[in-house]
Each structure stands twice: as C-alpha cells, then as structure tokens.
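Below you'll find the structure, written out as structure tokens, and then a few comments.
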Amino acid sequence: MSLPERISVFSRVPAAGNSKTRLIPALGDEGAARLQHSLSLRVLTHAGIAARRRDSQLELRLEGPRDQAARLFGSTALAVNQGPGELGTRMARCLDQGRRHGVQRHVIVGGDCPHADARILDEALSALASHELVLGPARDGGYYLIGAASAPPAELFRDMPWGGGEVFSKTLDRARASGLSVHVLPERPDIDRPDDLQHWQPISRDWPQLEDKPPISVIIPVLNEAGNLASLLPTLGGEPDVEVLVVDGGSRDDSLRVAESHGVRVLESPPGRAAQLNLGARQARCPLLLFLHADSRPPEGWAGMLRQAMRRSGQAGGAFRFAVDRTGLRYRLLTTLTNWRSHWLRLPYGDQGLFCRSETFHRLGGFPEMPIMEDYAFVRRLRRAGGFHLLKGSVVSSARNWERAGFWRVFLLHRGLLLAWHLGVDVERLAQWRCRMLGR
C-alpha cells in the first residue's frame with residue numbers, strides 16, 4: 001500500500017488591485033487578477049492529474065475568503081485557509097498539519113508557476129521516498145515547490161527574506177546544514193513581473209494534457225422532469241469514472257425521489273437554468289464537465305468520444321451533433337439547419353450536450369445568470385478560449401416543445417430571439433416574449 005501523500009496548492013482569492021501587484025502596471029488591476037486566477041487554475045489542474053494518478057490527497061490553501069473557493073476554483077480540491085502569518089509560517093503550518101494527519105510525503109506548490117506540471121509533481125513525491133526534502137528552484141531565486149517526508153526544522157523558514165533573490169540558495173544551505181538529504185527539481189519560471197509574461201503567453205491557450213481516461217461530471221438541471229430522469233439516468237450509469245449531478249430548481253413532482261433512487265448526487269438550487277448549471281459545475285469533482293438536458297439522450301459511447309476530443313492540446317470544449325426524436329420533413333429541416341450552424345459557426349445550443357474542462361469553465365466565470373440565452377452566451381465565450389470540437393455522435397432531444405406550441409411558432413421564435421439578442425434587446429424582455437409565445 002502506498003504511503004499517504006498530499007499536494008497543497010498555495011494561492012489566493014483573486015481581487016482587483018490585490019493580486020499580482022507587480023503585474024498591474026502591465027495588465028491593470030482586473031487583468032492582473034484574471035491572470036492570477038488562470039495561473040492557479042492551471043496549477044490546480046496539473047496537481048489534480050498527479051493526485052489522481054498516484055491516489056494522493058489534493059488541497060487548495062487559500063489566502064482570502066474560503067467561501068469563494070468553489071465559485072472560482074470548483075470543488076476538485078479541498079479548500080483550506082492558509083491562516084495568519086508570513087509565508088514561512090503558513091508553509092510550516094501546512095506541513096505540520098499534514099504530518100499530524102498522517103501525511104508522509106507532502107508537497108507544497110505555488111499557484112503562480114504554470115510550468116509546475118504533473119510530471120514535476122510526480123517527480124517531487126517520488127523523490128520523497130529516498131530524500132527528506134525536495135525543492136523546485138524558480139528563475140528569480142526563490143522556489144516554486146517544497147516537499148518534505150517529515151517535519152522540517154523551523155529554521156528552514158525562519159527570518160527568510162521572502163521575495164528576494166536568495167531564498168532558494170539560503171533554504172538549500174540551511175537544509176544541508178541540518179543534515180537533510182535534498183532532491184532538487186528542474187528550474188522553472190514564476191510569473192511575477194512583466195518580463196515573466198513571455199513564459200506565460202506561449203502556453204496560455206495550451207492547457208494541460210489530461211490523463212488517458214479523465215473522469216467526467218454530468219450536470220443535469222431539472223424542473224419537474226421525473227419521467228425523463230427515470231429513462232435518462234440508467235443510460236449514464238454504465239460508464240466508468242462518471243459522476244452524475246442532478247440539480248433541481250424547485251420541482252413539484254418526483255424528480256428528487258427518482259434521482260435519489262438512482263444513486264446520483266442531488267443538489268437543490270434557486271430556479272433558473274443558468275444558476276442550476278453553475279451550482280452543478282461548482283460542486284463537480286471531475287476535470288471534464290458535460291451539461292445535459294433531462295429530455296436529451298447522449299449517443300452510445302459518448303464518454304469515450306468526449307474524452308478523445310478533450311485530450312487534444314488547446315481544446316476548450318465542444319458539443320455533440322443535434323438530433324430530435326421525431327421524423328418528417330419539418331424535423332429533418334430543423335436537424336439540418338442546426339447541425340449546419342453548429343459545424344460552420346461553432347454555435348451549438350445547450351440541448352446538444354455542451355462540454356468543457358472544469359478549469360476553463362471557472363476561468364470563464366461559468367454561465368451568465370440570465371433568464372434566457374445563457375447557453376448561447378457561454379458558447380461564444382468558450383469558442384474564444386480555445387479549440388471547439390463538434391463531435392460526430394448526436395444527442396437526441398425531445399420534440400415536446402415544438403409539438404406542444406407548434407413547430408413553426410417555436411422554429412421562428414428561436415431565430416427571432418437570436419436576432420433580437422444580437423440587436424441588443426434586453427434579455428428580460430426576450431424572456432417575456434418567449435413566455436408569451438409559448439403560453440407559459
């Protein structure tokens with residue numbers, strides 16, 4: 001049995017004017033905060049890959065309000081406050097708490113070193129089997145990673161000139177003077193100063209390579225969907241490494257009971273599909289997210305298709321092709337036009353099974369919480385974040401809305417709403433139009 005291991009990512013809640021302050025002259029307050037968020041998400045992703053490969057614990061050590069952790073970083077890692085004190089005090093506390101919890105190989109990695117990848121973290125944890133300390137030197141003279149196989153001496157952190165150019169060399173000297181065996185990792189750049197941006201820009205759209213079969217969180221927003229859930233959930237349960245989250249927006253039928261009977265995670269949310277989708281994504285534990293409507297059915301082998309697409313470098317997200325559970329000329333026209341738009345414009349709708357990486361979702365801020373068009377607005381953001389893949393398999397959607405309100409009424413309504421949205425009509429007014437047209 002492997003020894004208990006833990007990876008702790010040190011970061012902070014991004015706040016304009018209080019994040020990456022040395023980069024503010026180059027990026028502005030908001031830009032520096034966004035960069036810090038992106039860097040931390042990237043390091044967390046690498047740490048998550050390494051932790052899953054090694055069955056290690058993963059935690060996020062934050063400066064700032066911990067209650068914002070799920071919104072900004074998701075729930076793939078346990079969020080813990082760093083606590084008071086200067087950096088050395090906080091790191092010593094982290095390692096001591098780990099030791100008291102039985103952790104025998106503990107690595108702390110900074111959230112501002114995007115090149116501290118899963119391979120580096122794996123090397124660090126493996127080195128602690130034969131060394132007492134591991135250090136990852138940064139090019140600015142500090143270190144981006146420190147790991148320990150036992151409680152390090154207090155003088156390793158005491159009175160250290162943090163932020164100076166001699167932190168690594170002084171730490172190494174102190175460790176060797178204490179008789180510790182030290183493994184030194186390859187040097188990597190931190191992103192702290194404007195000159196460091198040259199190390200970030202070439203990789204900023206090239207996100208970490210996922211493992212062969214990364215786990216997937218399927219997020220299903222529901223409102224009175226008991227019947228559809230009863231037929232959908234069994235089709236998802238047979239896929240390995242898949243968690244299913246049903247997010248209820250106030251159902252008055254048996255939706256909650258049906259979901260619970262299938263053993264999936266059930267969350268209760270304020271009404272509104274965007275709010276439900278965002279809550280599900282914040283609580284998801286997997287690196288890949290699939291947003292699926294309760295009245296849609298993914299194709300056989302959907303998980304393999306999704307994983308293969310998302311293992312491509314720079315891939316931000318994608319969707320499946322569109323199909324509908326009715327036949328006839330009208331529905332063939334609908335299917336053809338929808339797939340044409342999805343293929344050529346890369347603008348699928350939410351009922352086509354949108355998917356993306358967890359860190360991309362949180363970096364983009366999730367679905368805009370508006371009463372209508374949230375899926376369309378999110379896809380536009382997602383396309384700008386990187387490659388967007390349309391899979392060959394089709395999600396089959398229910399034609400119930402077209403059947404209930406009339407095919408041509410719904411067909412023309414959707415296109416009219418899209419045109420009005422691009423012309424700047426307020427989304428609240430669009431939602432009212434939709435309700436009137438559909439008789440809701």
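Chain identifiers are assigned as A, B, and so on, following the order in which chains appear in the structure tokens; residues are numbered from 1 within each chain, and ligands are numbered from 1 in order of appearance.
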Can you pull out every residue within 9 Å of region 116-132 of chain A, counting only C-alpha atoms, but drop anything in the same chain fewer than 6 positions away, and send it as number ranges by chain? A: 5-7, 42-43, 45-51, 53-54, 104-107, 109-110, 144-150, 152, 180-186, 188-189, 208
Residue subset to file, keeping N, CA and C atoms, as a tab-separated table (two decimals), in the first residue's frame:
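Once everything was written out, this is result_23.tsv:
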chain	number	residue	atom	x	y	z
A	5	GLU	N	-0.02	10.55	0.78
A	5	GLU	CA	0.60	11.69	0.12
A	5	GLU	C	-0.39	12.83	0.01
A	6	ARG	N	0.14	14.03	-0.01
A	6	ARG	CA	-0.72	15.21	-0.18
A	6	ARG	C	0.00	16.24	-1.04
A	7	ILE	N	-0.78	16.87	-1.93
A	7	ILE	CA	-0.32	18.02	-2.70
A	7	ILE	C	-1.12	19.22	-2.24
A	42	ARG	N	-4.54	26.56	-13.59
A	42	ARG	CA	-3.64	25.67	-14.34
A	42	ARG	C	-2.83	24.78	-13.40
A	43	VAL	N	-2.27	25.36	-12.35
A	43	VAL	CA	-1.50	24.55	-11.40
A	43	VAL	C	-2.40	23.53	-10.72
A	45	THR	N	-5.00	22.12	-11.97
A	45	THR	CA	-5.27	21.06	-12.94
A	45	THR	C	-4.12	20.07	-12.98
A	46	HIS	N	-2.89	20.58	-13.07
A	46	HIS	CA	-1.72	19.69	-13.03
A	46	HIS	C	-1.69	18.88	-11.73
A	47	ALA	N	-1.97	19.55	-10.62
A	47	ALA	CA	-1.94	18.85	-9.33
A	47	ALA	C	-3.03	17.78	-9.27
A	48	GLY	N	-4.20	18.08	-9.84
A	48	GLY	CA	-5.27	17.09	-9.86
A	48	GLY	C	-4.90	15.86	-10.68
A	49	ILE	N	-4.23	16.08	-11.82
A	49	ILE	CA	-3.80	14.95	-12.65
A	49	ILE	C	-2.81	14.08	-11.89
A	50	ALA	N	-1.82	14.72	-11.25
A	50	ALA	CA	-0.84	13.97	-10.47
A	50	ALA	C	-1.49	13.25	-9.30
A	51	ALA	N	-2.42	13.91	-8.63
A	51	ALA	CA	-3.07	13.30	-7.46
A	51	ALA	C	-3.90	12.09	-7.86
A	53	ARG	N	-3.42	10.15	-10.51
A	53	ARG	CA	-2.51	9.08	-10.93
A	53	ARG	C	-1.92	8.34	-9.72
A	54	ARG	N	-1.63	9.07	-8.66
A	54	ARG	CA	-0.94	8.49	-7.50
A	54	ARG	C	-1.88	8.19	-6.35
A	104	GLN	N	2.76	11.45	4.88
A	104	GLN	CA	4.18	11.12	4.97
A	104	GLN	C	5.00	11.64	3.80
A	105	ARG	N	4.35	12.05	2.73
A	105	ARG	CA	5.01	12.73	1.62
A	105	ARG	C	4.14	13.92	1.26
A	106	HIS	N	4.64	15.11	1.54
A	106	HIS	CA	3.81	16.31	1.42
A	106	HIS	C	4.54	17.33	0.55
A	107	VAL	N	3.86	17.78	-0.49
A	107	VAL	CA	4.42	18.76	-1.41
A	107	VAL	C	3.55	20.01	-1.40
A	109	VAL	N	3.11	23.49	-3.60
A	109	VAL	CA	3.47	24.11	-4.88
A	109	VAL	C	2.76	25.45	-4.98
A	110	GLY	N	3.47	26.44	-5.49
A	110	GLY	CA	2.89	27.77	-5.65
A	110	GLY	C	1.92	27.83	-6.82
A	144	TYR	N	9.50	27.40	-6.33
A	144	TYR	CA	8.08	27.24	-6.65
A	144	TYR	C	7.48	26.03	-5.95
A	145	LEU	N	8.33	25.17	-5.36
A	145	LEU	CA	7.83	23.95	-4.72
A	145	LEU	C	8.76	23.56	-3.58
A	146	ILE	N	8.16	23.10	-2.51
A	146	ILE	CA	8.91	22.49	-1.42
A	146	ILE	C	8.13	21.28	-0.94
A	147	GLY	N	8.84	20.20	-0.67
A	147	GLY	CA	8.19	18.99	-0.18
A	147	GLY	C	9.00	18.38	0.93
A	148	ALA	N	8.32	17.69	1.82
A	148	ALA	CA	9.01	17.10	2.97
A	148	ALA	C	8.45	15.72	3.27
A	149	ALA	N	9.36	14.82	3.70
A	149	ALA	CA	8.96	13.49	4.12
A	149	ALA	C	8.78	13.40	5.64
A	150	SER	N	9.18	14.44	6.34
A	150	SER	CA	8.99	14.54	7.79
A	150	SER	C	8.95	16.02	8.14
A	152	PRO	N	10.07	19.42	8.71
A	152	PRO	CA	11.36	20.10	8.52
A	152	PRO	C	11.67	20.99	9.73
A	180	LEU	N	19.79	17.38	6.22
A	180	LEU	CA	18.69	16.84	5.42
A	180	LEU	C	19.20	16.44	4.03
A	181	SER	N	18.74	15.31	3.54
A	181	SER	CA	19.02	14.94	2.15
A	181	SER	C	18.01	15.64	1.26
A	182	VAL	N	18.51	16.31	0.21
A	182	VAL	CA	17.66	17.19	-0.61
A	182	VAL	C	17.70	16.74	-2.06
A	183	HIS	N	16.52	16.66	-2.67
A	183	HIS	CA	16.40	16.43	-4.11
A	183	HIS	C	15.99	17.76	-4.75
A	184	VAL	N	16.74	18.22	-5.75
A	184	VAL	CA	16.47	19.48	-6.42
A	184	VAL	C	15.82	19.20	-7.77
A	185	LEU	N	14.68	19.82	-8.00
A	185	LEU	CA	13.92	19.67	-9.24
A	185	LEU	C	14.46	20.61	-10.32
A	186	PRO	N	14.04	20.44	-11.56
A	186	PRO	CA	14.43	21.39	-12.61
A	186	PRO	C	13.94	22.81	-12.30
A	188	ARG	N	12.25	26.35	-12.87
A	188	ARG	CA	11.07	26.78	-13.63
A	188	ARG	C	10.80	28.26	-13.35
A	189	PRO	N	10.18	28.98	-14.28
A	189	PRO	CA	9.88	30.40	-14.06
A	189	PRO	C	8.55	30.61	-13.32
A	208	PRO	N	-3.22	21.83	-19.84
A	208	PRO	CA	-2.54	20.58	-19.50
A	208	PRO	C	-3.15	19.36	-20.18
Need to verify the contact set: Val379 (chain A), 12 Å, only C-alpha atoms, exclusion of same-chain residues closer than 3 positions in sequence. Can you return it as a ChimeraX atom specification? /A:291,316-319,342,345-350,352-356,360-361,364,366-368,373-376,382-389
Picked from region 152-187 of chain A by DSSP as helix (DSSP H, G or I), as a short mmCIF file (atom, residue, chain, number, x, y, z; two decimals) with C-alpha atoms, in the first residue's frame:
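So the final result, stored in selection.cif, reads:
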data_model
loop_
_atom_site.label_atom_id
_atom_site.label_comp_id
_atom_site.auth_asym_id
_atom_site.auth_seq_id
_atom_site.Cartn_x
_atom_site.Cartn_y
_atom_site.Cartn_z
CA ALA A 154 11.81 25.52 11.99
CA GLU A 155 14.96 27.37 10.89
CA LEU A 156 14.25 26.36 7.30
CA VAL A 167 15.52 32.34 -0.98
CA PHE A 168 16.33 29.08 -2.76
CA SER A 169 20.08 29.16 -2.05
CA LYS A 170 19.57 30.08 1.62
CA THR A 171 16.94 27.33 2.05
CA LEU A 172 19.23 24.77 0.42
CA ASP A 173 22.16 25.81 2.63
CA ARG A 174 20.04 25.60 5.77
CA ALA A 175 18.65 22.20 4.79
CA ARG A 176 22.11 20.73 4.18
CA ALA A 177 23.45 22.30 7.39
#
Step one, run DSSP on the backbone; step two, keep only residues of region 21-94 of chain A assigned to strand (DSSP E or B); then write them as a PyMOL selection string. chain A and resi 57-63+78-81
Would you write out those residues with C-alpha atoms, as a compact mmCIF listing (two decimals), in the first residue's frame?
# COMPACT_ATOMS: atom_id res chain seq x y z
CA GLN A 57 -4.80 13.90 -1.44
CA LEU A 58 -5.24 17.33 -3.03
CA GLU A 59 -5.94 20.57 -1.20
CA LEU A 60 -6.10 24.23 -2.12
CA ARG A 61 -4.56 26.53 0.51
CA LEU A 62 -6.06 29.98 0.04
CA GLU A 63 -5.42 33.48 1.20
CA LEU A 78 -10.46 20.62 -0.53
CA ALA A 79 -10.23 24.36 0.15
CA VAL A 80 -8.42 25.39 3.36
CA ASN A 81 -7.40 28.82 4.64
Need to verify the contact set: Arg90 (chain A), 10 Å, only C-alpha atoms, exclusion of same-chain residues closer than 5 positions in sequence. Can you return it as a list of chain:residue names? A:Phe10, A:Arg61, A:Asn81, A:Gln82, A:Gly83, A:Pro84, A:Gly85, A:Leu95, A:Asp96, A:Phe157
Best match for closeness to Gly280 (chain A) among A:Arg139, A:Arg252, A:His343, A:Arg265, counting only C-alpha atoms: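 Between A:Arg139, A:Arg252, A:His343, A:Arg265, the residue approaching Gly280 (chain A) most closely is A:Arg265.
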Residue among A:Arg415, A:Arg158, A:Arg363, A:Arg400 lying closest to Val324 (chain A), counting only C-alpha atoms: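 Closest to Val324 (chain A) of all the choices is A:Arg400.
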Counting only C-alpha atoms, the residue of A:Ala138, A:Leu72, A:Val395, A:Ala259 that sits nearest Pro14 (chain A):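 The shortest atom-to-atom distance to Pro14 (chain A) comes from A:Leu72.
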Hey, which of A:Ala377, A:Leu337, A:Pro371, A:Val134 ends up closest to Trp433 (chain A)? Count only C-alpha atoms. A:Pro371
In Å, how far is it from CA of Pro287 (chain A) to CA of Pro214 (chain A)? 6.8 Å
Of the candidates A:Gly365, A:Gly272, A:Gly141, A:Gly263, which one gets nearest to Pro161 (chain A) if we count only C-alpha atoms?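 Ranked by minimum distance to Pro161 (chain A), first place goes to A:Gly141.
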To one decimal in Å, tell me the separation between CA of Val247 (chain A) and CA of Leu277 (chain A).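 Separation of CA of Val247 (chain A) and CA of Leu277 (chain A): 7.4 Å.
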Excluding region 194-198 of chain A and any residue of its chain fewer than 5 positions from it, enumerate the residues within 10 Å of it, using only C-alpha atoms, and give them as an MDAnalysis selection string. chainID A and resid 22:27 35 139:140 189 203:204
Take CA of Val258 (chain A) and CA of Pro240 (chain A) and report the distance between them in Å, one decimal.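 According to the coordinates, CA of Val258 (chain A) and CA of Pro240 (chain A) are separated by 21.2 Å.
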Within 10 Å of Arg307 (chain A), counting only C-alpha atoms, which residues qualify if same-chain residues fewer than 2 places away don't, as a short mmCIF file (atom, residue, chain, number, x, y, z; two decimals) with C-alpha atoms, in the first residue's frame?
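Written out: around.cif:
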data_model
loop_
_atom_site.label_atom_id
_atom_site.label_comp_id
_atom_site.auth_asym_id
_atom_site.auth_seq_id
_atom_site.Cartn_x
_atom_site.Cartn_y
_atom_site.Cartn_z
CA LEU A 210 -5.32 15.13 -19.45
CA GLU A 211 -4.76 11.52 -18.41
CA ASP A 212 -5.93 8.70 -20.69
CA LYS A 213 -9.39 8.35 -19.15
CA PRO A 214 -10.17 11.50 -17.17
CA PRO A 215 -13.33 11.31 -15.06
CA ILE A 216 -16.40 13.23 -16.20
CA LEU A 288 -14.34 17.31 -17.52
CA TRP A 302 -20.46 9.31 -25.56
CA ALA A 303 -17.87 9.31 -22.76
CA GLY A 304 -15.12 7.92 -25.00
CA MET A 305 -15.93 10.47 -27.72
CA ALA A 309 -11.81 15.22 -28.14
CA MET A 310 -10.69 16.89 -24.91
CA ARG A 311 -7.27 15.24 -24.83
CA ARG A 312 -6.27 17.41 -27.79
#
